Number of protein chains: 4
Amino acid sequence: MGMSRIHVAVVGGGRATNEQLDQARGVGRAVAEAGAVLVCGGLGGVMEAACHGAHDAGGLTVGILPGRDRAAANPHVDVAIPTGLGEARNALVVGAADAVVAVAGEYGTLSEIALALQAGTPVVGLGTWELRRGGEPVDAVVPAADPAAAVALALAFVSTARRGT
Amino acid sequence: MGMSRIHVAVVGGGRATNEQLDQARGVGRAVAEAGAVLVCGGLGGVMEAACHGAHDAGGLTVGILPGRDRAAANPHVDVAIPTGLGEARNALVVGAADAVVAVAGEYGTLSEIALALQAGTPVVGLGTWELRRGGEPVDAVVPAADPAAAVALALAFVSTARRGT
Amino acid sequence: MGMSRIHVAVVGGGRATNEQLDQARGVGRAVAEAGAVLVCGGLGGVMEAACHGAHDAGGLTVGILPGRDRAAANPHVDVAIPTGLGEARNALVVGAADAVVAVAGEYGTLSEIALALQAGTPVVGLGTWELRRGGEPVDAVVPAADPAAAVALALAFVSTARRGT
Amino acid sequence: MGMSRIHVAVVGGGRATNEQLDQARGVGRAVAEAGAVLVCGGLGGVMEAACHGAHDAGGLTVGILPGRDRAAANPHVDVAIPTGLGEARNALVVGAADAVVAVAGEYGTLSEIALALQAGTPVVGLGTWELRRGGEPVDAVVPAADPAAAVALALAFVSTARRGT
């Protein structure tokens, strides 16, 4: 696929509402339509819905699993990497991506958002965590109105970063 | 030291204000005075101040480093573990602890808070990240008024958890 | 690609003789012709030659990199996973595979052979390490006469294991 | 303890003969008597015997565990680091050491020997793996006659390396 192909990580909870699953499918579809590779944690919920959406649009999906069993990947993962690292694999999910789209999510998702921000990787959010420190909002996660806008924003950040280096 | 000895992780930024460093030293001292082992990321700033405080009170300190070089540990680390894992080592720092005290901090600290919460490990905060989702505060990080209170709260959570299991 | 698709790791040195590179290309080609996914450490030498061979036969290649930079992958890697784990990533390379083919190799390759054997994953060798303990040979790495035979043996082991469980 | 204190990893099987356990205890004792820190995988067999020996001589022991539970450490581990990394933690055990002493051992031990050699860390062996490649012995693991000699050799290698840099 060429190393210059953009990789977008979609992060979010293993459990999700129907609305969040719809959003995740939309994000996956938009990632695939843009010709980008979708990276995720490989399990269910938002991860599975995003892979599903990407597959519907003919995209390639990568699942970086916490356990050792490739069979734990959701059925829409093309390339499953069983790490056996537990939650330390969250660092690998975002480390494999040029940009991150977070859909809702629990604390694991928050850790992925934080690890991405620490690495300087842009994060776009759909109904996900908001951060404050010292009583003031920290506007590090860029909010998006809908899945298409989220992916467009993520790709725009990558494009800007690539031009800049 | 016996496996039943309590381990408290102190997490916070590699860069910190003087006030934050004072707080970290106070946290380290209180951890040591309680007879607990202090675990941290082993580098400077809040990590070093916490180890310093623990040493002043005769405590034992463990530094779990991101790189491969034990010499990168701050001078108040007793046991330095060079992991070579980069930021994936954040999962090991909080995974080695029964409770976490967060002093201020940047995104790396936020990732440690998130990984701890995901694992069900209690987190007490001193001027650190506040979390919101869907416009509502998520009160997962327990705020403390000062270092002594932070450690007292952390130990109380561990004590409650141990009685409960 | 379906989780039931077989994954074969090809391990070997980043530096290799022309003969070893020819063998690695042959192994990669045979893996792809069998419809299996090729997993490797993603860098040069045997890893690159194996990916090259797999590509020539239309196969899919996965490179699990030690560093953080996807661009370090050789040009025949389809899916590059930058782990940032250093040599700890060797455990992920073999953990992602149903069988391992080792072509020559240095100590890193030996660690991959050992980690595979420890996990009960079959290892076939082409001019690679031989093991002895207590003065006696330990016949854990199955020697193969040529690349085609190596892959045939590896696939036969996987097939036997799948029937058995 | 100061970062300049020497760390020696003792690696070997979780199951061992009485003779091997005696050797491991002797190695642990010699490590402690030399004022070095003993690092190991934290579990039973050779690891426990080495920690036991070190404790008998007043030494400090560090156990880097594959799982997430500190309580899995053997009772002679002073500082237990639960990594949750599975066998990828083998890279951390040898990465934390200036020299490695291998007592017998299975494939996990072989992986630790290989990872140490790859990192340029000296390895001394007591009845452990012997390596061959291309029909020729590779004399990378230095054989020792007994536990005291093994530790003396390991420390001599470290001393030489430190003078050289």
# chains A, B, ... in the order shown; residues from 1 in each chain; ligands from 1
$ residues_around --residues "Ala16 in chain C" --least-positions-apart "5" --cutoff "10 Å" --atoms "only C-alpha atoms" --output "PyMOL selection string"
chain C and resi 21-22+24+44-47+49+103-106
$ interface_residues --of "chain D" --to "chain B" --cutoff "9 Å" --atoms "only C-alpha atoms" --output "PyMOL selection string"
chain D and resi 1-4+37+62+64+68-85+89+91-93+95-96
$ select_by_dssp --residues "chain C" --states "helix (DSSP H, G or I)" --output "PyMOL selection string"
chain C and resi 18-33+46-56+70-72+86-95+107-118+147-164
$ write_last_selection --atoms "C-alpha atoms" --output "JSON list (two decimals), in the first residue's frame"
[["chain", "number", "residue", "atom", "x", "y", "z"],
["C", 18, "ASN", "CA", 23.13, -13.23, -1.49],
["C", 19, "GLU", "CA", 22.37, -16.90, -1.02],
["C", 20, "GLN", "CA", 20.37, -16.17, 2.12],
["C", 21, "LEU", "CA", 18.50, -13.36, 0.37],
["C", 22, "ASP", "CA", 17.63, -15.76, -2.46],
["C", 23, "GLN", "CA", 16.33, -18.24, 0.09],
["C", 24, "ALA", "CA", 14.28, -15.55, 1.81],
["C", 25, "ARG", "CA", 12.74, -14.46, -1.49],
["C", 26, "GLY", "CA", 11.86, -18.07, -2.19],
["C", 27, "VAL", "CA", 10.26, -18.43, 1.22],
["C", 28, "GLY", "CA", 8.23, -15.26, 0.72],
["C", 29, "ARG", "CA", 7.07, -16.43, -2.68],
["C", 30, "ALA", "CA", 6.00, -19.82, -1.33],
["C", 31, "VAL", "CA", 4.14, -18.21, 1.58],
["C", 32, "ALA", "CA", 2.19, -16.00, -0.83],
["C", 33, "GLU", "CA", 1.52, -18.82, -3.28],
["C", 46, "VAL", "CA", 16.03, -11.35, 5.02],
["C", 47, "MET", "CA", 12.90, -9.43, 6.02],
["C", 48, "GLU", "CA", 12.93, -7.31, 2.88],
["C", 49, "ALA", "CA", 13.79, -10.22, 0.59],
["C", 50, "ALA", "CA", 10.93, -12.28, 2.01],
["C", 51, "CYS", "CA", 8.47, -9.41, 1.51],
["C", 52, "HIS", "CA", 9.80, -8.92, -2.01],
["C", 53, "GLY", "CA", 9.23, -12.56, -2.83],
["C", 54, "ALA", "CA", 5.73, -12.48, -1.38],
["C", 55, "HIS", "CA", 4.88, -9.39, -3.42],
["C", 56, "ASP", "CA", 6.13, -11.00, -6.60],
["C", 70, "ARG", "CA", 6.41, 3.62, 9.72],
["C", 71, "ALA", "CA", 8.76, 4.91, 7.04],
["C", 72, "ALA", "CA", 11.48, 2.56, 8.33],
["C", 86, "GLY", "CA", 12.64, -2.07, 20.51],
["C", 87, "GLU", "CA", 13.59, -5.73, 20.60],
["C", 88, "ALA", "CA", 10.57, -6.55, 22.75],
["C", 89, "ARG", "CA", 8.75, -6.40, 19.41],
["C", 90, "ASN", "CA", 10.35, -9.75, 18.53],
["C", 91, "ALA", "CA", 7.73, -11.35, 20.77],
["C", 92, "LEU", "CA", 5.02, -9.69, 18.68],
["C", 93, "VAL", "CA", 6.45, -10.87, 15.36],
["C", 94, "VAL", "CA", 6.30, -14.53, 16.31],
["C", 95, "GLY", "CA", 3.15, -14.07, 18.38],
["C", 107, "TYR", "CA", 20.93, -13.20, 17.88],
["C", 108, "GLY", "CA", 17.69, -11.33, 17.23],
["C", 109, "THR", "CA", 16.60, -14.21, 15.05],
["C", 110, "LEU", "CA", 17.61, -16.64, 17.76],
["C", 111, "SER", "CA", 15.39, -14.76, 20.21],
["C", 112, "GLU", "CA", 12.49, -15.09, 17.79],
["C", 113, "ILE", "CA", 13.12, -18.81, 17.38],
["C", 114, "ALA", "CA", 13.20, -19.20, 21.15],
["C", 115, "LEU", "CA", 10.06, -17.14, 21.76],
["C", 116, "ALA", "CA", 8.21, -19.14, 19.10],
["C", 117, "LEU", "CA", 9.28, -22.48, 20.59],
["C", 118, "GLN", "CA", 8.27, -21.30, 24.04],
["C", 147, "PRO", "CA", 12.54, -22.57, 0.64],
["C", 148, "ALA", "CA", 9.63, -24.49, -0.89],
["C", 149, "ALA", "CA", 10.16, -27.36, 1.50],
["C", 150, "ALA", "CA", 10.45, -24.96, 4.43],
["C", 151, "VAL", "CA", 7.07, -23.40, 3.74],
["C", 152, "ALA", "CA", 5.47, -26.76, 2.99],
["C", 153, "LEU", "CA", 6.67, -28.05, 6.35],
["C", 154, "ALA", "CA", 5.50, -24.93, 8.17],
["C", 155, "LEU", "CA", 2.04, -25.18, 6.63],
["C", 156, "ALA", "CA", 1.84, -28.89, 7.38],
["C", 157, "PHE", "CA", 2.54, -28.19, 11.06],
["C", 158, "VAL", "CA", -0.20, -25.54, 11.16],
["C", 159, "SER", "CA", -2.63, -27.84, 9.41],
["C", 160, "THR", "CA", -1.90, -30.62, 11.90],
["C", 161, "ALA", "CA", -2.29, -28.26, 14.85],
["C", 162, "ARG", "CA", -5.61, -26.92, 13.55],
["C", 163, "ARG", "CA", -6.98, -30.41, 13.06],
["C", 164, "GLY", "CA", -5.92, -31.27, 16.58]]
$ select_by_dssp --residues "chain A" --states "strand (DSSP E)" --output "PyMOL selection string"
chain A and resi 7-12+37-40+61-65+79-82+99-103+123-126+129-133+136-138+141-143
$ atom_distance --atom1 "CA of Ala119 in chain C" --atom2 "CA of Ala99 in chain C"
10.6 Å
$ atom_distance --atom1 "CA of Ala144 in chain D" --atom2 "CA of Gly120 in chain D"
18.8 Å
$ atom_distance --atom1 "CA of Glu130 in chain A" --atom2 "CA of Arg15 in chain A"
19.2 Å
$ decode --residues "range 24-38 of chain B" --atoms "all heavy atoms" --output "short mmCIF file (atom, residue, chain, number, x, y, z; two decimals), in the first residue's frame"
data_model
loop_
_atom_site.label_atom_id
_atom_site.label_comp_id
_atom_site.auth_asym_id
_atom_site.auth_seq_id
_atom_site.Cartn_x
_atom_site.Cartn_y
_atom_site.Cartn_z
N ALA B 24 4.95 17.57 45.00
CA ALA B 24 5.44 16.22 44.70
C ALA B 24 6.36 15.72 45.82
O ALA B 24 6.29 14.55 46.21
CB ALA B 24 6.18 16.21 43.36
N ARG B 25 7.21 16.60 46.32
CA ARG B 25 8.07 16.20 47.44
C ARG B 25 7.23 15.80 48.64
O ARG B 25 7.51 14.80 49.30
CB ARG B 25 9.02 17.34 47.81
CG ARG B 25 10.44 17.16 47.26
CD ARG B 25 11.42 18.17 47.84
NE ARG B 25 10.99 19.53 47.57
CZ ARG B 25 11.32 20.23 46.47
NH1 ARG B 25 12.10 19.69 45.56
NH2 ARG B 25 10.87 21.45 46.29
N GLY B 26 6.20 16.59 48.89
CA GLY B 26 5.32 16.27 50.02
C GLY B 26 4.62 14.93 49.83
O GLY B 26 4.46 14.15 50.78
N VAL B 27 4.22 14.65 48.60
CA VAL B 27 3.57 13.36 48.33
C VAL B 27 4.56 12.22 48.56
O VAL B 27 4.25 11.22 49.21
CB VAL B 27 3.03 13.33 46.88
CG1 VAL B 27 2.59 11.92 46.50
CG2 VAL B 27 1.86 14.30 46.73
N GLY B 28 5.77 12.39 48.05
CA GLY B 28 6.78 11.36 48.22
C GLY B 28 7.06 11.08 49.69
O GLY B 28 7.16 9.93 50.11
N ARG B 29 7.18 12.18 50.45
CA ARG B 29 7.45 12.03 51.88
C ARG B 29 6.31 11.26 52.57
O ARG B 29 6.57 10.31 53.32
CB ARG B 29 7.62 13.42 52.51
CG ARG B 29 8.46 13.43 53.77
CD ARG B 29 8.65 14.86 54.29
NE ARG B 29 9.25 15.72 53.31
CZ ARG B 29 8.70 16.85 52.82
NH1 ARG B 29 7.53 17.28 53.28
NH2 ARG B 29 9.32 17.56 51.91
N ALA B 30 5.09 11.63 52.24
CA ALA B 30 3.94 10.97 52.89
C ALA B 30 3.84 9.50 52.49
O ALA B 30 3.47 8.66 53.31
CB ALA B 30 2.66 11.72 52.52
N VAL B 31 4.19 9.20 51.24
CA VAL B 31 4.18 7.79 50.81
C VAL B 31 5.18 7.00 51.65
O VAL B 31 4.88 5.91 52.15
CB VAL B 31 4.51 7.68 49.30
CG1 VAL B 31 4.81 6.24 48.90
CG2 VAL B 31 3.36 8.24 48.46
N ALA B 32 6.38 7.55 51.79
CA ALA B 32 7.43 6.85 52.54
C ALA B 32 7.06 6.73 54.02
O ALA B 32 7.27 5.69 54.64
CB ALA B 32 8.77 7.57 52.37
N GLU B 33 6.51 7.80 54.57
CA GLU B 33 6.15 7.77 56.00
C GLU B 33 5.06 6.73 56.28
O GLU B 33 4.97 6.20 57.38
CB GLU B 33 5.70 9.16 56.46
CG GLU B 33 6.89 10.12 56.62
CD GLU B 33 6.47 11.56 56.82
OE1 GLU B 33 5.27 11.87 56.65
OE2 GLU B 33 7.36 12.39 57.11
N ALA B 34 4.27 6.46 55.28
CA ALA B 34 3.23 5.43 55.44
C ALA B 34 3.80 4.03 55.24
O ALA B 34 3.07 3.03 55.33
CB ALA B 34 2.10 5.69 54.44
N GLY B 35 5.08 3.94 54.91
CA GLY B 35 5.69 2.63 54.71
C GLY B 35 5.42 2.04 53.34
O GLY B 35 5.68 0.86 53.10
N ALA B 36 4.90 2.84 52.43
CA ALA B 36 4.60 2.34 51.08
C ALA B 36 5.79 2.56 50.15
O ALA B 36 6.66 3.39 50.41
CB ALA B 36 3.37 3.06 50.52
N VAL B 37 5.82 1.77 49.07
CA VAL B 37 6.84 1.90 48.04
C VAL B 37 6.37 2.94 47.03
O VAL B 37 5.21 2.92 46.62
CB VAL B 37 7.08 0.55 47.33
CG1 VAL B 37 8.08 0.69 46.19
CG2 VAL B 37 7.53 -0.50 48.33
N LEU B 38 7.25 3.85 46.63
CA LEU B 38 6.90 4.84 45.62
C LEU B 38 7.34 4.35 44.24
O LEU B 38 8.51 4.02 44.02
CB LEU B 38 7.57 6.18 45.95
CG LEU B 38 7.13 7.36 45.07
CD1 LEU B 38 7.18 8.65 45.90
CD2 LEU B 38 7.96 7.52 43.83
#
